[in-house]
file run02.txt (compact mmCIF, C-alpha atoms)
# COMPACT_ATOMS: atom_id res chain seq x y z
CA MET A 12 -11.58 15.43 -2.62
CA ALA A 13 -11.49 14.70 1.10
CA ALA A 14 -12.49 18.30 1.86
CA VAL A 15 -15.47 18.02 -0.47
CA TYR A 16 -16.54 14.75 1.16
CA ARG A 17 -16.35 16.25 4.63
CA PHE A 18 -18.33 19.31 3.54
CA LEU A 19 -21.04 17.07 2.10
CA SER A 20 -21.12 15.13 5.35
CA LEU A 21 -21.52 18.36 7.28
CA LEU A 22 -24.28 19.45 4.91
CA VAL A 23 -26.22 16.19 5.35
CA ILE A 24 -26.01 16.43 9.13
CA GLY A 25 -26.94 20.11 8.90
CA THR A 26 -30.06 19.25 6.90
CA ALA A 27 -31.13 16.81 9.59
CA LEU A 28 -30.38 19.41 12.26
CA LEU A 29 -32.54 22.02 10.57
CA SER A 30 -35.53 19.72 10.16
CA THR A 31 -35.90 18.31 13.65
CA THR A 32 -38.25 18.96 16.51
CA THR A 33 -37.31 19.80 20.06
CA VAL A 34 -36.82 16.88 22.44
CA ALA A 35 -35.84 17.45 26.04
CA GLU A 36 -34.96 14.86 28.69
CA ILE A 37 -31.98 13.12 30.20
CA ARG A 38 -30.66 10.98 27.38
CA SER A 39 -28.03 8.24 27.27
CA THR A 40 -26.44 7.45 23.92
CA GLU A 41 -23.95 4.78 22.92
CA ILE A 42 -21.51 5.59 20.10
CA ARG A 43 -19.58 2.64 18.69
CA SER A 44 -16.76 2.95 16.12
CA ASP A 45 -18.40 5.99 14.53
CA ALA A 46 -16.35 8.04 12.06
CA ARG A 47 -19.00 10.68 11.26
CA SER A 48 -17.65 14.23 11.21
CA THR A 49 -20.63 15.55 13.20
CA ILE A 50 -23.12 13.74 15.43
CA PRO A 51 -26.03 15.88 16.70
CA PHE A 52 -27.48 14.74 20.02
CA ASP A 53 -30.31 16.86 21.43
CA GLU A 54 -31.93 20.21 20.76
CA PHE A 55 -33.13 22.41 23.62
CA GLY A 56 -34.56 25.88 24.13
CA PHE A 57 -32.56 27.57 26.89
CA THR A 58 -33.53 30.58 28.97
CA HIS A 59 -30.98 32.93 30.54
CA SER A 60 -30.52 30.42 33.36
CA GLY A 61 -29.85 27.28 31.33
CA ARG A 62 -27.57 24.39 32.23
CA LEU A 63 -25.93 21.55 30.33
CA ASP A 64 -24.66 18.51 32.22
CA LEU A 65 -22.51 16.30 30.02
CA ASN A 66 -21.00 12.98 31.07
CA VAL A 67 -18.76 11.10 28.64
CA SER A 68 -17.35 7.70 29.61
CA ARG A 69 -15.70 4.60 28.09
CA ILE A 70 -13.96 6.70 25.46
CA ALA A 71 -11.98 4.82 22.82
CA LEU A 72 -10.32 6.21 19.68
CA SER A 73 -9.01 4.18 16.79
CA LEU A 74 -7.09 5.08 13.61
CA PRO A 75 -5.87 2.91 10.73
CA ASP A 76 -2.28 1.75 11.04
CA GLY A 77 0.17 4.31 9.71
CA ASP A 78 -2.03 7.38 10.34
CA PRO A 79 -0.40 10.18 12.36
CA LYS A 80 -1.37 10.88 15.94
CA PRO A 81 -4.70 12.74 15.93
CA ASP A 82 -5.03 16.38 16.92
CA LEU A 83 -7.53 16.05 19.76
CA LYS A 84 -8.29 19.79 19.67
CA ARG A 85 -10.34 18.94 16.58
CA VAL A 86 -12.51 16.39 18.43
CA GLY A 87 -15.11 17.26 21.05
CA PHE A 88 -18.53 18.75 21.85
CA PHE A 89 -20.06 22.14 21.10
CA LEU A 90 -23.40 23.95 21.02
CA CYS A 91 -24.80 25.81 18.04
CA THR A 92 -28.07 27.30 16.84
CA ARG A 93 -29.67 26.60 13.48
CA ASP A 94 -28.58 29.97 12.09
CA THR A 95 -25.08 29.44 13.43
CA TRP A 96 -24.83 26.08 11.70
CA ILE A 97 -25.69 27.66 8.37
CA HIS A 98 -22.89 30.20 8.84
CA VAL A 99 -20.45 27.46 9.86
CA LEU A 100 -21.30 25.51 6.70
CA ASP A 101 -20.73 28.67 4.70
CA GLN A 102 -17.32 29.17 6.33
CA VAL A 103 -16.35 25.59 5.50
CA ALA A 104 -17.55 25.99 1.90
CA ARG A 105 -15.52 29.19 1.42
CA GLY A 106 -12.42 27.54 2.89
CA GLU A 107 -12.18 29.95 5.82
CA ILE A 108 -12.15 27.02 8.23
CA SER A 109 -11.74 23.26 7.86
CA CYS A 110 -13.38 22.30 11.14
CA PRO A 111 -16.33 23.71 13.16
CA PHE A 112 -14.06 24.07 16.22
CA GLN A 113 -12.17 26.79 14.34
CA SER A 114 -15.30 28.93 14.14
CA GLU A 115 -15.97 31.60 16.73
CA LEU A 116 -19.70 31.25 16.17
CA ILE A 117 -20.13 28.01 18.12
CA LYS A 118 -20.12 27.54 21.89
CA HIS A 119 -17.29 25.19 22.88
CA ILE A 120 -18.13 22.65 25.58
CA PHE A 121 -14.85 20.70 25.61
CA THR A 122 -12.38 19.06 23.27
CA PHE A 123 -10.65 15.74 23.82
CA ASP A 124 -7.25 17.36 24.39
CA LYS A 125 -8.57 18.26 27.86
CA LEU A 126 -9.02 14.61 28.81
CA GLN A 127 -6.66 13.55 31.58
CA ASN A 128 -7.49 9.94 30.82
CA PHE A 129 -9.97 8.26 28.54
CA ASP A 130 -12.09 6.79 31.31
CA ARG A 131 -14.58 9.58 32.04
CA TYR A 132 -15.19 13.30 31.62
CA ASP A 133 -17.89 15.31 33.43
CA SER A 134 -18.76 18.91 32.71
CA THR A 135 -21.43 21.42 33.64
CA SER A 136 -21.90 24.47 31.45
CA ASN A 137 -23.93 27.57 32.23
CA ILE A 138 -25.90 28.78 29.22
CA THR A 139 -26.72 32.45 29.70
CA GLU A 140 -27.85 33.17 26.14
CA ALA A 141 -31.53 32.44 25.61
CA ASN A 142 -31.78 30.53 22.35
CA LEU A 143 -32.47 27.17 20.74
CA PHE A 144 -29.21 25.20 20.86
CA THR A 145 -28.20 21.78 19.57
CA LEU A 146 -25.56 19.68 21.30
CA VAL A 147 -23.17 18.38 18.63
CA PHE A 148 -20.17 16.08 18.69
CA GLY A 149 -17.54 17.12 16.14
CA ASN A 150 -14.79 14.91 14.72
CA CYS A 151 -12.50 16.70 12.26
CA VAL A 152 -9.80 14.01 12.20
CA PRO A 153 -10.05 11.92 9.01
CA ASN A 154 -10.54 8.16 9.51
CA LEU A 155 -10.80 8.55 13.29
CA LYS A 156 -13.38 6.17 14.77
CA VAL A 157 -14.84 7.10 18.15
CA SER A 158 -16.55 4.92 20.73
CA MET A 159 -18.06 6.39 23.88
CA SER A 160 -21.07 6.52 26.20
CA VAL A 161 -22.70 9.94 26.40
CA GLN A 162 -25.26 11.09 28.94
CA SER A 163 -26.61 14.59 28.42
CA ALA A 164 -29.05 16.60 30.50
CA MET A 165 -30.24 20.03 29.40
CA TYR A 166 -32.51 22.07 31.63
CA ASN A 167 -33.46 25.55 32.78
CA LEU A 168 -33.48 26.79 36.38
CA ASP A 169 -36.50 28.55 37.79
CA ASP A 170 -35.61 32.11 38.81
CA THR A 171 -37.42 31.93 42.16
CA SER A 172 -37.26 28.30 43.33
CA ASN A 173 -34.07 27.32 41.45
CA ARG A 174 -35.91 24.14 40.45
CA ARG A 175 -34.84 22.31 37.31
CA ASP A 176 -37.13 22.32 34.28
CA TYR A 177 -36.15 19.65 31.75
CA LEU A 178 -38.67 20.78 29.14
CA SER A 179 -37.53 23.20 26.47
CA ALA A 180 -38.43 26.85 27.01
CA GLY A 181 -41.08 26.66 24.29
CA LYS A 182 -42.69 23.50 25.66
CA THR A 183 -42.66 23.97 29.40
CA ASN A 184 -46.41 24.72 29.33
CA LEU A 185 -47.33 21.45 27.60
CA PRO A 186 -48.36 19.47 30.75
CA TRP A 187 -51.23 21.81 31.67
CA ILE A 188 -52.18 22.28 27.98
CA TYR A 189 -52.57 18.53 27.52
CA PHE A 190 -54.45 18.28 30.83
CA LEU A 191 -56.86 21.03 29.74
CA PHE A 192 -57.67 19.13 26.54
CA PHE A 193 -58.04 15.92 28.57
CA LEU A 194 -60.74 17.64 30.64
CA ILE A 195 -62.48 18.88 27.48
CA TYR A 196 -62.56 15.41 25.92
CA SER A 197 -63.74 13.88 29.21
CA ILE A 198 -66.64 16.35 29.25
CA LEU A 199 -67.41 15.54 25.61
CA ALA A 200 -67.43 11.83 26.43
CA GLY A 201 -69.88 12.47 29.27
CA ILE A 202 -72.10 14.52 26.98
CA TRP A 203 -71.97 11.78 24.33
CA VAL A 204 -73.01 9.14 26.92
CA TYR A 205 -75.99 11.34 27.84
CA VAL A 206 -76.92 11.73 24.15
CA LEU A 207 -76.73 7.97 23.58
CA TYR A 208 -78.94 7.32 26.60
CA SER A 209 -81.53 9.97 25.77
CA LYS A 210 -81.69 8.95 22.08
CA ARG A 211 -81.24 5.23 22.65
CA LEU A 212 -84.05 4.30 20.24
CA SER A 213 -82.16 5.84 17.30
CA VAL A 214 -78.63 4.78 18.29
CA PHE A 215 -76.53 2.78 15.83
CA ARG A 216 -73.47 0.66 16.55
CA ILE A 217 -71.20 3.32 15.09
CA HIS A 218 -72.27 5.74 17.85
CA PHE A 219 -70.71 3.43 20.43
CA PHE A 220 -67.60 3.30 18.27
CA MET A 221 -67.49 7.13 18.39
CA LEU A 222 -67.63 6.93 22.19
CA ALA A 223 -64.66 4.54 22.19
CA VAL A 224 -62.68 7.00 20.01
CA LEU A 225 -63.44 9.83 22.46
CA ILE A 226 -62.36 7.77 25.48
CA LEU A 227 -59.12 6.66 23.82
CA LYS A 228 -58.33 10.26 22.87
CA ALA A 229 -58.91 11.40 26.46
CA LEU A 230 -56.72 8.62 27.88
CA ASN A 231 -54.04 9.44 25.32
CA LEU A 232 -54.01 13.07 26.48
CA LEU A 233 -53.91 12.03 30.15
CA CYS A 234 -50.84 9.86 29.52
CA GLU A 235 -49.24 12.66 27.53
CA THR A 236 -49.88 15.01 30.46
CA GLU A 237 -48.18 12.68 32.93
CA ASP A 238 -45.37 11.92 30.48
CA LYS A 239 -44.51 15.59 30.00
CA SER A 240 -44.99 16.36 33.72
CA TYR A 241 -42.43 13.77 34.79
CA ILE A 242 -40.00 14.83 32.07
CA LYS A 243 -40.40 18.45 33.19
CA LYS A 244 -39.59 17.57 36.81
CA THR A 245 -37.11 14.70 36.55
CA GLY A 246 -35.93 14.46 32.93
CA THR A 247 -37.39 10.94 32.48
CA ALA A 248 -40.90 9.70 31.70
CA HIS A 249 -41.12 7.05 34.47
CA GLY A 250 -43.01 4.62 32.24
CA TRP A 251 -45.78 7.00 31.18
CA ASP A 252 -44.30 7.05 27.68
CA VAL A 253 -45.17 3.35 27.31
CA LEU A 254 -48.83 4.01 28.14
CA PHE A 255 -48.76 6.99 25.80
CA TYR A 256 -47.52 4.78 22.94
CA ILE A 257 -50.23 2.20 23.65
CA PHE A 258 -53.11 4.67 23.66
CA SER A 259 -51.66 6.53 20.67
CA PHE A 260 -51.63 3.24 18.81
CA PHE A 261 -55.29 2.46 19.50
CA LYS A 262 -56.39 6.09 19.08
CA GLY A 263 -54.78 6.33 15.64
CA ILE A 264 -56.29 3.07 14.43
CA THR A 265 -59.80 3.78 15.74
CA LEU A 266 -59.90 7.35 14.38
CA PHE A 267 -59.00 6.32 10.83
CA THR A 268 -61.33 3.32 11.09
CA LEU A 269 -64.17 5.63 12.18
CA ILE A 270 -63.59 7.91 9.19
CA VAL A 271 -63.68 4.91 6.86
CA LEU A 272 -66.87 3.54 8.45
CA ILE A 273 -68.65 6.89 8.26
CA GLY A 274 -67.40 7.44 4.73
CA THR A 275 -68.84 4.09 3.62
CA GLY A 276 -72.16 4.75 5.33
CA TRP A 277 -71.76 1.69 7.54
CA SER A 278 -74.51 1.42 10.16
CA PHE A 279 -76.22 4.52 8.73
CA LEU A 280 -76.97 3.46 5.16
CA LYS A 281 -76.22 -0.27 5.31
CA PRO A 282 -75.26 -2.85 7.94
CA TYR A 283 -72.33 -4.27 5.98
CA LEU A 284 -69.10 -3.31 4.22
CA GLN A 285 -68.36 -4.04 0.60
CA ASP A 286 -65.18 -5.86 -0.39
CA LYS A 287 -63.37 -2.73 -1.57
CA GLU A 288 -64.28 -0.95 1.68
CA LYS A 289 -62.90 -3.86 3.71
CA LYS A 290 -59.68 -3.62 1.67
CA VAL A 291 -59.32 0.03 2.68
CA LEU A 292 -59.55 -0.97 6.34
CA MET A 293 -57.05 -3.78 5.75
CA ILE A 294 -54.65 -1.21 4.32
CA VAL A 295 -55.19 1.60 6.84
CA ILE A 296 -54.89 -0.50 10.02
CA PRO A 297 -51.50 -2.16 9.19
CA LEU A 298 -50.15 1.19 8.01
CA GLN A 299 -51.18 2.77 11.30
CA VAL A 300 -49.29 -0.02 13.11
CA ILE A 301 -46.18 0.82 11.06
CA ALA A 302 -46.63 4.54 11.79
CA ASN A 303 -46.85 3.91 15.53
CA VAL A 304 -43.76 1.68 15.47
CA ALA A 305 -41.90 4.44 13.61
CA GLN A 306 -42.95 6.97 16.24
CA VAL A 307 -41.64 4.77 19.05
CA VAL A 308 -38.30 4.23 17.26
CA ILE A 309 -37.86 7.98 16.66
CA ASP A 310 -38.67 8.86 20.27
CA GLU A 311 -36.39 6.19 21.71
CA THR A 312 -33.38 6.83 19.46
CA GLY A 313 -33.65 10.60 19.76
CA PRO A 314 -34.15 13.22 17.05
CA PHE A 315 -30.63 12.73 15.70
CA GLY A 316 -30.29 8.96 15.89
CA GLN A 317 -28.41 7.31 13.06
CA ASP A 318 -31.61 5.82 11.62
CA SER A 319 -34.08 8.45 12.88
CA TYR A 320 -34.12 10.39 9.60
CA THR A 321 -35.10 7.22 7.69
CA TRP A 322 -37.81 6.41 10.20
CA LYS A 323 -39.16 9.95 9.94
CA GLN A 324 -39.51 9.55 6.19
CA VAL A 325 -41.24 6.19 6.72
CA PHE A 326 -43.64 7.75 9.21
CA LEU A 327 -44.41 10.67 6.87
CA LEU A 328 -45.02 8.37 3.91
CA VAL A 329 -47.26 6.03 5.91
CA ASP A 330 -49.21 8.97 7.33
CA VAL A 331 -49.84 10.41 3.86
CA ILE A 332 -50.97 7.00 2.54
CA CYS A 333 -53.40 6.58 5.44
CA CYS A 334 -54.81 10.07 4.91
CA CYS A 335 -55.35 9.39 1.20
CA ALA A 336 -56.85 5.95 1.79
CA VAL A 337 -59.58 7.19 4.14
CA LEU A 338 -60.84 9.59 1.47
CA PHE A 339 -61.72 6.86 -1.03
CA PRO A 340 -64.78 5.49 0.85
CA ILE A 341 -66.26 8.99 1.09
CA VAL A 342 -65.74 9.52 -2.65
CA TRP A 343 -67.37 6.15 -3.35
CA SER A 344 -70.34 7.02 -1.13
CA ILE A 345 -70.87 10.36 -2.87
CA LYS A 346 -70.75 8.66 -6.25
CA ASN A 347 -73.21 5.94 -5.20
CA LEU A 348 -75.63 8.46 -3.71
CA ARG A 349 -75.57 10.57 -6.88
CA GLU A 350 -76.41 7.51 -8.96
CA ALA A 351 -79.15 6.43 -6.54
CA ALA A 352 -80.73 9.89 -6.61
CA ARG A 353 -81.26 9.55 -10.37
CA THR A 354 -82.79 6.07 -10.30
CA ASP A 355 -84.81 5.41 -7.16
CA GLY A 356 -87.02 8.52 -7.19
CA LYS A 357 -86.09 9.49 -3.64
CA ALA A 358 -84.40 12.68 -4.72
CA ALA A 359 -84.94 14.57 -1.49
CA VAL A 360 -83.58 11.83 0.74
CA ASN A 361 -80.54 11.27 -1.41
CA LEU A 362 -79.91 14.98 -1.78
CA MET A 363 -79.66 15.30 1.99
CA LYS A 364 -77.38 12.28 2.17
CA LEU A 365 -75.23 13.64 -0.61
CA THR A 366 -74.94 17.08 0.96
CA LEU A 367 -73.93 15.61 4.32
CA PHE A 368 -71.32 13.32 2.77
CA ARG A 369 -69.95 16.17 0.68
CA GLN A 370 -69.57 18.34 3.78
CA TYR A 371 -67.80 15.53 5.61
CA TYR A 372 -65.49 14.95 2.64
CA ILE A 373 -64.46 18.62 2.67
CA VAL A 374 -63.98 18.65 6.45
CA VAL A 375 -61.78 15.53 6.36
CA ILE A 376 -59.59 17.12 3.67
CA CYS A 377 -59.31 20.35 5.68
CA TYR A 378 -58.49 18.40 8.86
CA ILE A 379 -55.77 16.37 7.15
CA TYR A 380 -54.30 19.43 5.42
CA PHE A 381 -54.26 21.51 8.60
CA THR A 382 -52.78 18.89 10.93
CA ARG A 383 -50.17 17.63 8.43
CA VAL A 384 -49.17 20.82 6.61
CA VAL A 385 -50.27 23.96 8.46
CA VAL A 386 -49.21 22.69 11.89
CA TYR A 387 -45.80 21.66 10.55
CA ALA A 388 -45.37 25.07 8.91
CA LEU A 389 -46.40 26.78 12.15
CA GLU A 390 -43.87 24.75 14.12
CA THR A 391 -41.16 25.63 11.59
CA ILE A 392 -41.71 29.40 11.46
CA THR A 393 -42.62 29.98 15.11
CA SER A 394 -39.96 31.09 17.57
CA TYR A 395 -38.74 28.31 19.86
CA ARG A 396 -40.32 30.19 22.80
CA TYR A 397 -43.78 29.61 21.31
CA GLN A 398 -43.48 26.03 20.08
CA TRP A 399 -46.44 25.15 22.29
CA THR A 400 -48.68 27.06 19.85
CA SER A 401 -48.30 24.34 17.20
CA VAL A 402 -49.51 21.74 19.75
CA VAL A 403 -52.50 23.92 20.64
CA ALA A 404 -53.32 24.46 16.95
CA ALA A 405 -53.21 20.72 16.23
CA GLU A 406 -55.34 19.86 19.27
CA LEU A 407 -57.90 22.57 18.47
CA ALA A 408 -58.19 21.31 14.89
CA THR A 409 -58.66 17.74 16.15
CA LEU A 410 -61.24 18.90 18.70
CA ALA A 411 -63.16 20.78 15.99
CA PHE A 412 -63.11 17.68 13.78
CA TYR A 413 -64.43 15.47 16.60
CA VAL A 414 -67.20 17.96 17.43
CA PHE A 415 -68.21 18.31 13.77
CA THR A 416 -68.36 14.54 13.32
CA GLY A 417 -70.36 14.02 16.51
CA TYR A 418 -72.80 16.84 15.78
CA ASN A 419 -73.55 15.81 12.20
CA PHE A 420 -73.79 12.08 12.87
CA LYS A 421 -75.40 12.11 16.29
CA PRO A 422 -78.39 9.84 16.90
CA LYS A 423 -81.74 11.51 16.23
CA VAL A 424 -85.20 10.46 15.19
CA HIS A 425 -85.46 12.61 12.05
CA ASN A 426 -82.07 11.66 10.68
CA PRO A 427 -81.17 13.23 7.31
CA TYR A 428 -80.36 9.72 6.10
CA PHE A 429 -84.04 8.82 6.24
CA ALA A 430 -87.29 10.04 4.74
CA LEU A 431 -88.32 13.67 4.34
CA ASP A 432 -91.74 15.20 3.84
CA ASP A 433 -93.33 14.49 0.46
CA GLU A 434 -93.83 18.16 -0.43
CA GLU A 435 -90.09 18.72 -0.17
CA GLU A 436 -89.21 16.02 -2.69
CA GLU A 437 -90.05 17.98 -5.84
CA ALA A 438 -88.07 21.04 -4.73
CA ALA A 439 -85.19 18.83 -3.67
CA ALA A 440 -85.15 17.12 -7.05
CA GLU A 441 -84.77 20.49 -8.78
CA GLU A 442 -82.02 21.45 -6.33
CA LEU A 443 -80.22 18.16 -7.02
CA LYS A 444 -80.27 18.87 -10.73
CA ARG A 445 -78.84 22.34 -10.14
CA LEU A 446 -76.04 21.01 -7.96
CA ASP A 447 -75.19 18.12 -10.29
CA ASP A 448 -72.15 19.85 -11.79
CA GLU A 449 -70.94 21.04 -8.40
CA PHE A 450 -70.88 17.52 -6.98
CA GLU A 451 -69.12 16.13 -10.04
CA LEU A 452 -65.93 14.32 -8.96

call {"tool": "encode", "arguments": {"input": "run02.txt", "output": "structure tokens"}}
result
Amino acid sequence: MAAVYRFLSLLVIGTALLSTTTVAEIRSTEIRSDARSTIPFDEFGFTHSGRLDLNVSRIALSLPDGDPKPDLKRVGFFLCTRDTWIHVLDQVARGEISCPFQSELIKHIFTFDKLQNFDRYDSTSNITEANLFTLVFGNCVPNLKVSMSVQSAMYNLDDTSNRRDYLSAGKTNLPWIYFLFFLIYSILAGIWVYVLYSKRLSVFRIHFFMLAVLILKALNLLCETEDKSYIKKTGTAHGWDVLFYIFSFFKGITLFTLIVLIGTGWSFLKPYLQDKEKKVLMIVIPLQVIANVAQVVIDETGPFGQDSYTWKQVFLLVDVICCCAVLFPIVWSIKNLREAARTDGKAAVNLMKLTLFRQYYIVVICYIYFTRVVVYALETITSYRYQWTSVVAAELATLAFYVFTGYNFKPKVHNPYFALDDEEEEAAAEELKRLDDEFEL
């Protein structure tokens, strides 16, 4: 029974290990009276010149009274890849081994039998195999509770300058990628300011809100650039992560709010929000607050923190709810425009409105699907060396969505929301009738 329990524990930890993203920086972790059989710490993509600095201090072991003296060869740290972990689980399931330290597939860092005293242990390991490794603490002694302070630093050495790079091999290019997108969004913000000035007679309040979303996105990317740059050089963010969290918070709220406002036709079709539309905003904004808090908790506790898996599920659920909520106003607007087209005699005007809203509805769905599903799938199937591609894909999709929104809802005199020529109305009415089934929701 005990063997089955320990295998299930290994399997649960293994599931978390296989579903995490790469995090790289100097990390300090406190373990207090923890009896888990495996505790994953950090995951890192090493090159052929990788290093692992591990410092373990304030070590304390405790067993229930009457238990035999523990075999400390079965307690310690090791590195393993995702594929290796699957094979280790298979070996445990088949009964070939009872502890990961008995497997030849893992890379041993050290076991507690090497401790001269339980005050401190420092080690530096050269990692010459280029791969994606996870640092894991293993405890194969039943009922043994471990307390310790662990500081880990994983990095690669540059072949020419011998300089440390604390970003994973697949993410070392992220600083200049984020900076490039920051420049793009800064240019877009400048272009949008010019458009607002040149078309100031047809500008609505929502156009200034779009400018605020652009600026917040640019500032968010700038902070992300500095955050990753400092981590790459020093292993710590030097406070830029705090600014990144702040701008991520406001960027997330304003983006979803903008989608809701456009979807309801606020400032374009009417200068007010209905009660049900206000309720959507009251739902989306608090959920975005929860999502941002979850992101901070995950980043601060590390990808393998004791509660990080729960917070990840909370973040995923909240994100899905927000994405679904912002679609309702667009659906309501399409429905209202279809009804208005049949009753007010302005078939051409309402046809243009309906077509534009339908396009935006489809684009929002595609944007949500791509950034939540396709990007995650790309990150999962892509080699660790090319993990930066998922970031580029997500940023390109976001950029395309911003450009589409700005282009279709830019200020202009002959706005499709307003009147068309009279001779077009009869043809538009026939077209509306033909498309009636297609727009049915």

call {"tool": "atom_distance", "arguments": {"input": "run02.txt", "atom1": "atom CA of A:Ala305", "atom2": "atom CA of A:Leu65"}}
result
28.0 Å

call {"tool": "axis_aligned_box", "arguments": {"input": "run02.txt", "around": "stretch 121-138 of chain A", "padding_each_side": "6 Å", "output": "AutoDock Vina command-line options"}}
result
--center_x -16.3 --center_y 17.8 --center_z 28.5 --size_x 31.2 --size_y 34.0 --size_z 22.4

call {"tool": "residues_around", "arguments": {"input": "run02.txt", "residues": "A:Leu266", "least_positions_apart": "5", "cutoff": "9 Å", "atoms": "all atoms listed in the file", "output": "count of residues only"}}
result
4

call {"tool": "closest_atom_pairs", "arguments": {"input": "run02.txt", "of": "stretch 54-152 of chain A", "to": "stretch 177-187 of chain A", "cutoff": "12 Å", "atoms": "all atoms listed in the file", "output": "Markdown table"}}
result
| residue | atom | partner | partner_atom | distance |
| --- | --- | --- | --- | --- |
| A:Glu54 | CA | A:Ser179 | CA | 8.5 |
| A:Phe55 | CA | A:Ser179 | CA | 5.3 |
| A:Gly56 | CA | A:Ser179 | CA | 4.6 |
| A:Phe57 | CA | A:Ala180 | CA | 5.9 |
| A:Thr58 | CA | A:Ala180 | CA | 6.5 |
| A:His59 | CA | A:Ala180 | CA | 10.2 |
| A:Ser60 | CA | A:Ala180 | CA | 10.8 |
| A:Gly61 | CA | A:Ala180 | CA | 9.6 |
| A:Arg62 | CA | A:Tyr177 | CA | 9.8 |
| A:Leu63 | CA | A:Tyr177 | CA | 10.5 |
| A:Asp64 | CA | A:Tyr177 | CA | 11.6 |
| A:Ala141 | CA | A:Ala180 | CA | 9.0 |
| A:Asn142 | CA | A:Ala180 | CA | 8.9 |
| A:Leu143 | CA | A:Ser179 | CA | 8.6 |
| A:Phe144 | CA | A:Ser179 | CA | 10.2 |
| A:Thr145 | CA | A:Ser179 | CA | 11.7 |

call {"tool": "write_last_selection", "arguments": {"input": "run02.txt", "atoms": "C-alpha atoms", "output": "short mmCIF file (atom, residue, chain, number, x, y, z; two decimals), keeping the file's coordinate frame"}}
result
data_model
loop_
_atom_site.label_atom_id
_atom_site.label_comp_id
_atom_site.auth_asym_id
_atom_site.auth_seq_id
_atom_site.Cartn_x
_atom_site.Cartn_y
_atom_site.Cartn_z
CA GLU A 54 -31.93 20.21 20.76
CA PHE A 55 -33.13 22.41 23.62
CA GLY A 56 -34.56 25.88 24.13
CA PHE A 57 -32.56 27.57 26.89
CA THR A 58 -33.53 30.58 28.97
CA HIS A 59 -30.98 32.93 30.54
CA SER A 60 -30.52 30.42 33.36
CA GLY A 61 -29.85 27.28 31.33
CA ARG A 62 -27.57 24.39 32.23
CA LEU A 63 -25.93 21.55 30.33
CA ASP A 64 -24.66 18.51 32.22
CA ALA A 141 -31.53 32.44 25.61
CA ASN A 142 -31.78 30.53 22.35
CA LEU A 143 -32.47 27.17 20.74
CA PHE A 144 -29.21 25.20 20.86
CA THR A 145 -28.20 21.78 19.57
#

call {"tool": "residues_around", "arguments": {"input": "run02.txt", "residues": "A:Phe381", "least_positions_apart": "4", "cutoff": "10 Å", "atoms": "only C-alpha atoms", "output": "short mmCIF file (atom, residue, chain, number, x, y, z; two decimals) with C-alpha atoms, in the frame of the given file"}}
result
data_model
loop_
_atom_site.label_atom_id
_atom_site.label_comp_id
_atom_site.auth_asym_id
_atom_site.auth_seq_id
_atom_site.Cartn_x
_atom_site.Cartn_y
_atom_site.Cartn_z
CA VAL A 375 -61.78 15.53 6.36
CA ILE A 376 -59.59 17.12 3.67
CA CYS A 377 -59.31 20.35 5.68
CA VAL A 385 -50.27 23.96 8.46
CA VAL A 386 -49.21 22.69 11.89
CA TYR A 387 -45.80 21.66 10.55
CA ALA A 388 -45.37 25.07 8.91
CA ALA A 404 -53.32 24.46 16.95
CA ALA A 405 -53.21 20.72 16.23
CA ALA A 408 -58.19 21.31 14.89
CA THR A 409 -58.66 17.74 16.15
#

call {"tool": "atom_distance", "arguments": {"input": "run02.txt", "atom1": "atom CA of A:Val161", "atom2": "atom CA of A:Phe89"}}
result
13.6 Å

call {"tool": "closest_residue", "arguments": {"input": "run02.txt", "among": "A:Asn66, A:Ser73, A:Ser158, A:Thr171", "to": "A:Ser136", "atoms": "all atoms listed in the file"}}
result
A:Asn66
